[in-house]
Amino acid sequence: MELGTGLFTCQRRPDDDRSGAELYDEMLTLGRAIDEAGLASAWVSEHHFTPDDYLSGTMPALGALAAVTEEVEIGTCIALAPLYDPVRLAEDVATVDLLSGGRTTLGLAIGSDPREFEAFGVPTDERVDRLTDTVDLVRAAWSDGPLDTESRFHDVTPDVNVTPKPAHDVPVMLGGSAKPAVRRAARIGDAWCAPSSLSVEGVRKRVADIERVREEEGIDGEFQVYVLQHGFVGDSKEAAWDAMRDGYLYIQRRYAEIFSGETVDELPDQRVRELRAQAIYGTPDDVVARLEEYRDALGDDIHVIFRTYHPGVGTERMAECIERLGSEVAPELA
């Protein structure tokens, strides 16, 4: 089992008076900490036009992380495929991959916030087709020679040779928990990321479905399963929860607003209890025990993205958590 962390969103909570530059500097500080801790990966996330300045520039952020790290996989979890020009995305990913020496993973999803689609002028009913189109085009762009393919949504000539080429075969990871999304990942992706809302059993069932689809349809090649989960490491369960609580619940409140389109001033008590039960936090032994449930259900070949970046909880707190993940948790899962 591999263990990475993130997801960097660089959001500014209302009670955080730091500048945007300071929030992005925090991301780079924590990126260095991830690399120094010997963890496997670091990830950024994407949304647009939010009042708290949620990170929107995934490729510039990954380029900066590439410059301050040496070993870790860096990637998007998740980039909103329908909002991109695929050829420009392919160029940017290739550039990041060259800067990082071949450490990039491109995570994509269809998106869900209608306000983002409206602002970009993209019809929401084209989301799935645009995702598929993006996967086809970025792979064609990274291959030797011209594109040799056409896009349904973008004007690009098939005989153009997109440069630069990436340093390695960049894996394409797809997200989503619904059956069509999971099977789409099985058919056209190199990897699937299980969202944090899924139980261990929910992840297991979907992985079994992925394996069945790939076997029945004769799809060869390696396929990586990523599991996303929120958490924190501390001296006790209460200390870890106290450290992550405000940032974690803030993220969840903002996601509730993004997905519903309505203001959410406070999460209901029942929802807070559900979120606390879902998160993985506590001493290193507590965290190891919960993560081993995934290994028991899915085997050793999984990559956990343990989401320890919780806006506004403090750079030093998060850096210490990352260090303990590297020194006290990851070795127990290796």
# chains A, B, ... in the order shown; residues from 1 in each chain; ligands from 1
$ closest_atom_pairs --of "segment 204-235 of chain A" --to "segment 307-315 of chain A" --cutoff "7 Å" --atoms "only C-alpha atoms" --output "Markdown table"
| residue | atom | partner | partner_atom | distance |
| --- | --- | --- | --- | --- |
| A:Leu228 | CA | A:Arg307 | CA | 6.9 |
| A:Gln229 | CA | A:Arg307 | CA | 5.7 |
| A:His230 | CA | A:Arg307 | CA | 4.4 |
| A:Gly231 | CA | A:Thr308 | CA | 5.6 |
| A:Phe232 | CA | A:Thr308 | CA | 5.7 |
$ write_last_selection --atoms "C-alpha atoms" --output "short mmCIF file (atom, residue, chain, number, x, y, z; two decimals), in the first residue's frame"
data_model
loop_
_atom_site.label_atom_id
_atom_site.label_comp_id
_atom_site.auth_asym_id
_atom_site.auth_seq_id
_atom_site.Cartn_x
_atom_site.Cartn_y
_atom_site.Cartn_z
CA LEU A 228 -9.34 9.22 -1.06
CA GLN A 229 -10.05 9.76 2.63
CA HIS A 230 -9.86 12.68 5.06
CA GLY A 231 -7.88 12.37 8.25
CA PHE A 232 -5.19 13.48 10.66
#
$ residues_around --residues "segment 250-255 of chain A" --least-positions-apart "2" --cutoff "8 Å" --atoms "only C-alpha atoms" --output "list of chain:residue names"
A:Arg13, A:Asp246, A:Gly247, A:Tyr248, A:Glu257, A:Ile258, A:Phe259, A:Val264, A:Asp265, A:Glu266, A:Leu267, A:His310, A:Pro311
$ closest_residue --among "A:Ser199, A:Thr5, A:Ser45, A:Ser112" --to "Leu275 of chain A" --atoms "only C-alpha atoms"
A:Ser199
$ closest_residue --among "A:Ala79, A:Ala40, A:Glu126, A:Val93" --to "Gly63 of chain A" --atoms "only C-alpha atoms"
A:Val93
$ atom_distance --atom1 "atom CA of Ser197 of chain A" --atom2 "atom CA of Leu3 of chain A"
18.4 Å
$ closest_residue --among "A:Pro60, A:Pro268, A:Gly107, A:Pro171" --to "Leu249 of chain A" --atoms "only C-alpha atoms"
A:Pro268
$ atom_distance --atom1 "atom CA of Ile74 of chain A" --atom2 "atom CA of Val227 of chain A"
15.4 Å
$ select_by_dssp --residues "segment 35-64 of chain A" --states "helix (DSSP H, G or I)" --output "PDB file with C-alpha atoms, in the first residue's frame"
ATOM      1  CA  ASP A  35       8.760  14.815  -0.077  1.00  0.00           C
ATOM      2  CA  GLU A  36      11.014  14.858   2.986  1.00  0.00           C
ATOM      3  CA  THR A  58      -3.957  23.065 -11.306  1.00  0.00           C
ATOM      4  CA  MET A  59      -1.066  23.007 -13.754  1.00  0.00           C
ATOM      5  CA  PRO A  60       0.756  26.080 -12.365  1.00  0.00           C
ATOM      6  CA  ALA A  61       0.345  24.603  -8.884  1.00  0.00           C
ATOM      7  CA  LEU A  62       1.761  21.247  -9.988  1.00  0.00           C
ATOM      8  CA  GLY A  63       4.632  23.008 -11.725  1.00  0.00           C
ATOM      9  CA  ALA A  64       5.501  24.764  -8.468  1.00  0.00           C
TER      10      ALA A  64
END
$ closest_residue --among "A:Asp53, A:Asp113, A:Glu292, A:Asp92" --to "Val200 of chain A" --atoms "only C-alpha atoms"
A:Glu292
$ select_by_dssp --residues "segment 156-304 of chain A" --states "strand (DSSP E)" --output "number ranges by chain"
A: 172-175, 191-194, 224-233, 280-282, 302-304
$ atom_distance --atom1 "atom CA of Asp209 of chain A" --atom2 "atom CA of Glu222 of chain A"
15.7 Å
$ residues_around --residues "segment 295-306 of chain A" --least-positions-apart "2" --cutoff "10 Å" --atoms "only C-alpha atoms" --output "tab-separated table (two decimals) with all heavy atoms, in the first residue's frame"
chain	number	residue	atom	x	y	z
A	1	MET	N	0.84	-1.20	0.00
A	1	MET	CA	0.00	0.00	0.00
A	1	MET	C	0.88	1.24	0.00
A	1	MET	O	1.81	1.35	0.79
A	1	MET	CB	-0.91	0.01	1.24
A	1	MET	CG	-1.77	1.26	1.36
A	1	MET	SD	-2.66	1.38	2.93
A	1	MET	CE	-3.84	0.05	2.79
A	2	GLU	N	0.55	2.16	-0.91
A	2	GLU	CA	1.25	3.44	-0.94
A	2	GLU	C	0.38	4.50	-0.26
A	2	GLU	O	-0.84	4.40	-0.24
A	2	GLU	CB	1.56	3.84	-2.37
A	2	GLU	CG	2.60	2.97	-3.04
A	2	GLU	CD	3.06	3.57	-4.35
A	2	GLU	OE1	2.22	3.72	-5.26
A	2	GLU	OE2	4.27	3.88	-4.46
A	3	LEU	N	1.06	5.53	0.28
A	3	LEU	CA	0.36	6.55	1.05
A	3	LEU	C	0.81	7.94	0.60
A	3	LEU	O	1.99	8.28	0.68
A	3	LEU	CB	0.64	6.36	2.54
A	3	LEU	CG	-0.10	7.26	3.52
A	3	LEU	CD1	-1.60	7.03	3.43
A	3	LEU	CD2	0.40	7.02	4.94
A	4	GLY	N	-0.14	8.71	0.11
A	4	GLY	CA	0.13	10.09	-0.27
A	4	GLY	C	-0.81	11.02	0.48
A	4	GLY	O	-1.60	10.60	1.32
A	5	THR	N	-0.72	12.32	0.17
A	5	THR	CA	-1.56	13.28	0.88
A	5	THR	C	-1.83	14.51	0.04
A	5	THR	O	-1.37	14.64	-1.09
A	5	THR	CB	-0.95	13.64	2.25
A	5	THR	OG1	-1.90	14.35	3.03
A	5	THR	CG2	0.32	14.46	2.11
A	6	GLY	N	-2.55	15.43	0.56
A	6	GLY	CA	-3.10	16.61	-0.08
A	6	GLY	C	-4.47	16.80	0.55
A	6	GLY	O	-4.60	16.50	1.73
A	7	LEU	N	-5.49	17.20	-0.17
A	7	LEU	CA	-5.45	17.80	-1.49
A	7	LEU	C	-5.35	19.30	-1.30
A	7	LEU	O	-6.15	19.89	-0.58
A	7	LEU	CB	-6.76	17.53	-2.24
A	7	LEU	CG	-7.03	16.19	-2.92
A	7	LEU	CD1	-6.86	15.00	-2.06
A	7	LEU	CD2	-8.41	16.22	-3.55
A	40	ALA	N	4.30	9.00	-0.76
A	40	ALA	CA	4.30	8.60	-2.17
A	40	ALA	C	3.80	9.68	-3.11
A	40	ALA	O	4.17	9.67	-4.29
A	40	ALA	CB	3.45	7.33	-2.35
A	41	SER	N	2.95	10.60	-2.63
A	41	SER	CA	2.31	11.50	-3.59
A	41	SER	C	1.80	12.76	-2.92
A	41	SER	O	1.57	12.80	-1.71
A	41	SER	CB	1.15	10.79	-4.30
A	41	SER	OG	0.19	10.34	-3.35
A	42	ALA	N	1.59	13.80	-3.75
A	42	ALA	CA	1.00	15.07	-3.33
A	42	ALA	C	0.02	15.51	-4.41
A	42	ALA	O	0.33	15.42	-5.61
A	42	ALA	CB	2.08	16.13	-3.12
A	43	TRP	N	-1.14	16.06	-4.00
A	43	TRP	CA	-2.24	16.28	-4.94
A	43	TRP	C	-2.85	17.66	-4.78
A	43	TRP	O	-2.89	18.21	-3.69
A	43	TRP	CB	-3.33	15.23	-4.71
A	43	TRP	CG	-2.81	13.83	-4.85
A	43	TRP	CD1	-2.17	13.09	-3.89
A	43	TRP	CD2	-2.83	13.02	-6.04
A	43	TRP	NE1	-1.81	11.87	-4.40
A	43	TRP	CE2	-2.21	11.79	-5.71
A	43	TRP	CE3	-3.34	13.21	-7.32
A	43	TRP	CZ2	-2.06	10.76	-6.63
A	43	TRP	CZ3	-3.21	12.18	-8.24
A	43	TRP	CH2	-2.57	10.98	-7.90
A	77	CYS	N	-6.41	15.83	-8.36
A	77	CYS	CA	-7.45	14.98	-7.78
A	77	CYS	C	-8.58	15.92	-7.31
A	77	CYS	O	-8.70	16.17	-6.13
A	77	CYS	CB	-6.91	14.15	-6.63
A	77	CYS	SG	-8.11	12.96	-5.98
A	193	CYS	N	-10.12	6.68	-8.85
A	193	CYS	CA	-10.02	7.20	-7.48
A	193	CYS	C	-11.37	7.06	-6.79
A	193	CYS	O	-12.37	7.62	-7.25
A	193	CYS	CB	-9.58	8.66	-7.49
A	193	CYS	SG	-9.35	9.32	-5.82
A	194	ALA	N	-11.40	6.33	-5.69
A	194	ALA	CA	-12.61	6.16	-4.90
A	194	ALA	C	-12.82	7.39	-4.04
A	194	ALA	O	-11.95	7.75	-3.25
A	194	ALA	CB	-12.49	4.92	-4.02
A	195	PRO	N	-13.96	8.07	-4.15
A	195	PRO	CA	-14.20	9.26	-3.34
A	195	PRO	C	-14.35	8.92	-1.87
A	195	PRO	O	-14.66	7.79	-1.49
A	195	PRO	CB	-15.51	9.83	-3.92
A	195	PRO	CG	-16.17	8.68	-4.60
A	195	PRO	CD	-15.07	7.78	-5.08
A	196	SER	N	-14.16	9.93	-1.03
A	196	SER	CA	-14.14	9.70	0.42
A	196	SER	C	-15.50	9.30	0.97
A	196	SER	O	-15.59	8.76	2.08
A	196	SER	CB	-13.64	10.96	1.14
A	196	SER	OG	-14.48	12.07	0.85
A	200	VAL	N	-15.56	1.19	2.90
A	200	VAL	CA	-14.60	0.19	2.43
A	200	VAL	C	-15.32	-0.84	1.55
A	200	VAL	O	-14.82	-1.21	0.48
A	200	VAL	CB	-13.92	-0.51	3.63
A	200	VAL	CG1	-13.03	-1.64	3.13
A	200	VAL	CG2	-13.10	0.49	4.44
A	201	GLU	N	-16.49	-1.28	1.97
A	201	GLU	CA	-17.24	-2.25	1.18
A	201	GLU	C	-17.70	-1.65	-0.14
A	201	GLU	O	-17.70	-2.33	-1.18
A	201	GLU	CB	-18.44	-2.76	1.97
A	201	GLU	CG	-19.33	-3.75	1.23
A	201	GLU	CD	-18.60	-5.03	0.81
A	201	GLU	OE1	-17.49	-5.29	1.31
A	201	GLU	OE2	-19.17	-5.76	-0.03
A	203	VAL	N	-16.09	0.62	-1.85
A	203	VAL	CA	-14.91	0.62	-2.71
A	203	VAL	C	-14.64	-0.78	-3.25
A	203	VAL	O	-14.37	-0.98	-4.44
A	203	VAL	CB	-13.68	1.16	-1.95
A	203	VAL	CG1	-12.44	1.10	-2.85
A	203	VAL	CG2	-13.91	2.59	-1.48
A	204	ARG	N	-14.74	-1.78	-2.36
A	204	ARG	CA	-14.46	-3.16	-2.78
A	204	ARG	C	-15.38	-3.60	-3.91
A	204	ARG	O	-14.94	-4.21	-4.88
A	204	ARG	CB	-14.62	-4.12	-1.59
A	204	ARG	CG	-14.13	-5.54	-1.88
A	204	ARG	CD	-14.70	-6.54	-0.89
A	204	ARG	NE	-16.15	-6.65	-0.98
A	204	ARG	CZ	-16.78	-7.30	-1.95
A	204	ARG	NH1	-16.11	-7.91	-2.92
A	204	ARG	NH2	-18.10	-7.36	-1.96
A	205	LYS	N	-16.66	-3.30	-3.80
A	205	LYS	CA	-17.61	-3.69	-4.84
A	205	LYS	C	-17.28	-3.02	-6.17
A	205	LYS	O	-17.37	-3.66	-7.23
A	205	LYS	CB	-19.03	-3.32	-4.41
A	205	LYS	CG	-19.59	-4.19	-3.30
A	205	LYS	CD	-21.01	-3.77	-2.96
A	205	LYS	CE	-21.61	-4.66	-1.89
A	205	LYS	NZ	-23.00	-4.25	-1.52
A	207	VAL	N	-14.30	-1.90	-7.16
A	207	VAL	CA	-13.06	-2.46	-7.69
A	207	VAL	C	-13.33	-3.81	-8.35
A	207	VAL	O	-12.78	-4.13	-9.41
A	207	VAL	CB	-11.99	-2.58	-6.58
A	207	VAL	CG1	-10.78	-3.37	-7.07
A	207	VAL	CG2	-11.57	-1.19	-6.11
A	208	ALA	N	-14.18	-4.61	-7.73
A	208	ALA	CA	-14.55	-5.90	-8.33
A	208	ALA	C	-15.23	-5.69	-9.67
A	208	ALA	O	-15.00	-6.45	-10.63
A	208	ALA	CB	-15.45	-6.68	-7.38
A	223	PHE	N	-3.59	-1.17	-13.96
A	223	PHE	CA	-4.68	-0.30	-13.51
A	223	PHE	C	-4.51	-0.07	-12.02
A	223	PHE	O	-4.44	-1.02	-11.24
A	223	PHE	CB	-6.03	-0.94	-13.80
A	223	PHE	CG	-7.19	0.01	-13.61
A	223	PHE	CD1	-7.66	0.76	-14.66
A	223	PHE	CD2	-7.79	0.14	-12.37
A	223	PHE	CE1	-8.72	1.64	-14.49
A	223	PHE	CE2	-8.84	1.02	-12.18
A	223	PHE	CZ	-9.31	1.78	-13.25
A	224	GLN	N	-4.43	1.21	-11.64
A	224	GLN	CA	-4.17	1.57	-10.25
A	224	GLN	C	-5.46	2.03	-9.56
A	224	GLN	O	-6.22	2.82	-10.14
A	224	GLN	CB	-3.13	2.68	-10.16
A	224	GLN	CG	-2.79	3.12	-8.75
A	224	GLN	CD	-2.11	2.03	-7.95
A	224	GLN	OE1	-1.09	1.49	-8.37
A	224	GLN	NE2	-2.68	1.69	-6.81
A	225	VAL	N	-5.67	1.57	-8.35
A	225	VAL	CA	-6.79	2.03	-7.54
A	225	VAL	C	-6.28	3.00	-6.48
A	225	VAL	O	-5.36	2.67	-5.72
A	225	VAL	CB	-7.52	0.86	-6.87
A	225	VAL	CG1	-8.59	1.37	-5.90
A	225	VAL	CG2	-8.15	-0.04	-7.93
A	226	TYR	N	-6.87	4.18	-6.46
A	226	TYR	CA	-6.59	5.18	-5.44
A	226	TYR	C	-7.81	5.28	-4.52
A	226	TYR	O	-8.95	5.15	-4.98
A	226	TYR	CB	-6.33	6.56	-6.04
A	226	TYR	CG	-5.08	6.67	-6.87
A	226	TYR	CD1	-5.07	6.28	-8.21
A	226	TYR	CD2	-3.90	7.19	-6.33
A	226	TYR	CE1	-3.92	6.39	-8.98
A	226	TYR	CE2	-2.75	7.31	-7.09
A	226	TYR	CZ	-2.76	6.91	-8.41
A	226	TYR	OH	-1.62	7.02	-9.17
A	227	VAL	N	-7.56	5.50	-3.25
A	227	VAL	CA	-8.64	5.69	-2.28
A	227	VAL	C	-8.43	7.03	-1.59
A	227	VAL	O	-7.37	7.26	-0.99
A	227	VAL	CB	-8.66	4.56	-1.23
A	227	VAL	CG1	-9.70	4.85	-0.16
A	227	VAL	CG2	-8.94	3.22	-1.89
A	228	LEU	N	-9.41	7.90	-1.69
A	228	LEU	CA	-9.34	9.22	-1.06
A	228	LEU	C	-10.07	9.18	0.28
A	228	LEU	O	-11.20	8.71	0.36
A	228	LEU	CB	-9.98	10.26	-1.98
A	228	LEU	CG	-10.03	11.70	-1.47
A	228	LEU	CD1	-8.63	12.28	-1.31
A	228	LEU	CD2	-10.85	12.57	-2.44
A	229	GLN	N	-9.40	9.69	1.32
A	229	GLN	CA	-10.05	9.76	2.63
A	229	GLN	C	-9.45	10.90	3.44
A	229	GLN	O	-8.26	11.19	3.34
A	229	GLN	CB	-9.89	8.44	3.39
A	229	GLN	CG	-10.81	8.29	4.58
A	229	GLN	CD	-12.26	8.55	4.24
A	229	GLN	OE1	-12.75	9.66	4.42
A	229	GLN	NE2	-12.95	7.53	3.73
A	230	HIS	N	-10.30	11.59	4.20
A	230	HIS	CA	-9.86	12.68	5.06
A	230	HIS	C	-9.34	12.13	6.38
A	230	HIS	O	-9.83	11.11	6.88
A	230	HIS	CB	-11.04	13.61	5.38
A	230	HIS	CG	-11.61	14.29	4.19
A	230	HIS	ND1	-11.31	15.59	3.85
A	230	HIS	CD2	-12.48	13.86	3.24
A	230	HIS	CE1	-11.97	15.93	2.76
A	230	HIS	NE2	-12.70	14.90	2.37
A	231	GLY	N	-8.36	12.83	6.97
A	231	GLY	CA	-7.88	12.37	8.25
A	231	GLY	C	-6.79	13.24	8.84
A	231	GLY	O	-6.44	14.30	8.31
A	232	PHE	N	-6.25	12.75	9.96
A	232	PHE	CA	-5.19	13.48	10.66
A	232	PHE	C	-4.54	12.55	11.67
A	232	PHE	O	-5.18	11.62	12.18
A	232	PHE	CB	-5.76	14.71	11.39
A	232	PHE	CG	-4.86	15.90	11.36
A	232	PHE	CD1	-4.77	16.69	10.22
A	232	PHE	CD2	-4.10	16.24	12.46
A	232	PHE	CE1	-3.94	17.80	10.19
A	232	PHE	CE2	-3.26	17.34	12.45
A	232	PHE	CZ	-3.18	18.13	11.30
A	279	ALA	N	-14.23	10.03	8.71
A	279	ALA	CA	-12.83	10.43	8.70
A	279	ALA	C	-11.97	9.42	9.45
A	279	ALA	O	-12.44	8.66	10.30
A	279	ALA	CB	-12.67	11.81	9.32
A	280	ILE	N	-10.67	9.41	9.12
A	280	ILE	CA	-9.70	8.52	9.76
A	280	ILE	C	-8.71	9.39	10.53
A	280	ILE	O	-7.92	10.12	9.92
A	280	ILE	CB	-8.98	7.66	8.72
A	280	ILE	CG1	-9.98	6.76	7.97
A	280	ILE	CG2	-7.89	6.82	9.37
A	280	ILE	CD1	-9.37	5.97	6.83
A	290	ARG	N	-7.27	1.65	10.73
A	290	ARG	CA	-8.35	1.96	9.78
A	290	ARG	C	-7.90	1.77	8.34
A	290	ARG	O	-8.65	1.25	7.50
A	290	ARG	CB	-8.82	3.40	9.98
A	290	ARG	CG	-9.62	3.65	11.24
A	290	ARG	CD	-11.06	3.15	11.12
A	290	ARG	NE	-11.77	3.75	10.01
A	290	ARG	CZ	-12.38	4.94	10.03
A	290	ARG	NH1	-12.34	5.68	11.15
A	290	ARG	NH2	-13.03	5.39	8.98
A	291	LEU	N	-6.67	2.15	8.03
A	291	LEU	CA	-6.19	2.00	6.65
A	291	LEU	C	-5.99	0.53	6.29
A	291	LEU	O	-6.14	0.15	5.12
A	291	LEU	CB	-4.90	2.79	6.45
A	291	LEU	CG	-5.05	4.31	6.52
A	291	LEU	CD1	-3.69	4.99	6.30
A	291	LEU	CD2	-6.05	4.82	5.48
A	292	GLU	N	-5.65	-0.28	7.29
A	292	GLU	CA	-5.48	-1.71	7.00
A	292	GLU	C	-6.79	-2.37	6.59
A	292	GLU	O	-6.78	-3.41	5.93
A	292	GLU	CB	-4.90	-2.42	8.23
A	292	GLU	CG	-3.40	-2.18	8.37
A	292	GLU	CD	-2.80	-2.95	9.53
A	292	GLU	OE1	-3.56	-3.22	10.51
A	292	GLU	OE2	-1.59	-3.26	9.49
A	293	GLU	N	-7.93	-1.76	6.92
A	293	GLU	CA	-9.21	-2.27	6.46
A	293	GLU	C	-9.29	-2.24	4.93
A	293	GLU	O	-9.87	-3.14	4.32
A	293	GLU	CB	-10.36	-1.48	7.07
A	293	GLU	CG	-10.47	-1.59	8.59
A	293	GLU	CD	-11.57	-0.71	9.14
A	293	GLU	OE1	-12.38	-0.19	8.35
A	293	GLU	OE2	-11.61	-0.51	10.37
A	308	THR	N	-4.93	15.37	4.39
A	308	THR	CA	-4.58	16.04	5.64
A	308	THR	C	-4.52	17.56	5.51
A	308	THR	O	-4.26	18.25	6.50
A	308	THR	CB	-3.21	15.55	6.15
A	308	THR	OG1	-2.20	15.83	5.15
A	308	THR	CG2	-3.24	14.06	6.42
A	309	TYR	N	-4.73	18.06	4.29
A	309	TYR	CA	-4.74	19.52	4.10
A	309	TYR	C	-6.14	20.03	4.42
A	309	TYR	O	-7.09	19.83	3.66
A	309	TYR	CB	-4.36	19.90	2.67
A	309	TYR	CG	-4.37	21.39	2.43
A	309	TYR	CD1	-3.30	22.19	2.85
A	309	TYR	CD2	-5.44	22.01	1.82
A	309	TYR	CE1	-3.31	23.56	2.66
A	309	TYR	CE2	-5.47	23.38	1.61
A	309	TYR	CZ	-4.39	24.15	2.03
A	309	TYR	OH	-4.42	25.52	1.84
A	322	ILE	N	2.11	15.40	8.56
A	322	ILE	CA	2.75	14.79	7.40
A	322	ILE	C	4.00	14.02	7.82
A	322	ILE	O	4.24	12.90	7.36
A	322	ILE	CB	3.09	15.88	6.37
A	322	ILE	CG1	1.80	16.39	5.71
A	322	ILE	CG2	4.07	15.36	5.32
A	322	ILE	CD1	1.98	17.66	4.91
A	325	LEU	N	2.97	10.84	9.41
A	325	LEU	CA	2.50	9.89	8.40
A	325	LEU	C	3.68	9.14	7.78
A	325	LEU	O	3.63	7.93	7.56
A	325	LEU	CB	1.74	10.61	7.29
A	325	LEU	CG	0.27	10.93	7.50
A	325	LEU	CD1	-0.26	11.68	6.28
A	325	LEU	CD2	-0.56	9.68	7.74
A	333	LEU	N	2.46	0.16	6.80
A	333	LEU	CA	1.58	-0.23	5.69
A	333	LEU	C	2.38	-0.75	4.51
A	333	LEU	O	1.79	-1.26	3.55
A	333	LEU	CB	0.71	0.94	5.25
A	333	LEU	CG	-0.20	1.53	6.32
A	333	LEU	CD1	-0.82	2.84	5.81
A	333	LEU	CD2	-1.28	0.54	6.71
A	334	ALA	N	3.69	-0.61	4.56
A	334	ALA	CA	4.54	-1.00	3.44
A	334	ALA	C	4.53	-2.51	3.21
A	334	ALA	O	4.36	-3.29	4.16
A	334	ALA	CB	5.96	-0.51	3.66
$ residues_around --residues "Glu211 of chain A" --least-positions-apart "5" --cutoff "10 Å" --atoms "only C-alpha atoms" --output "MDAnalysis selection string"
chainID A and resid 183 186 206 216 219 223
$ residues_around --residues "segment 146-149 of chain A" --least-positions-apart "4" --cutoff "12 Å" --atoms "only C-alpha atoms" --output "ChimeraX atom specification"
/A:86-87,90,133-142,154-163,165
$ closest_residue --among "A:Ala178, A:Val288, A:Ala185, A:Ala330" --to "Leu198 of chain A" --atoms "only C-alpha atoms"
A:Ala178
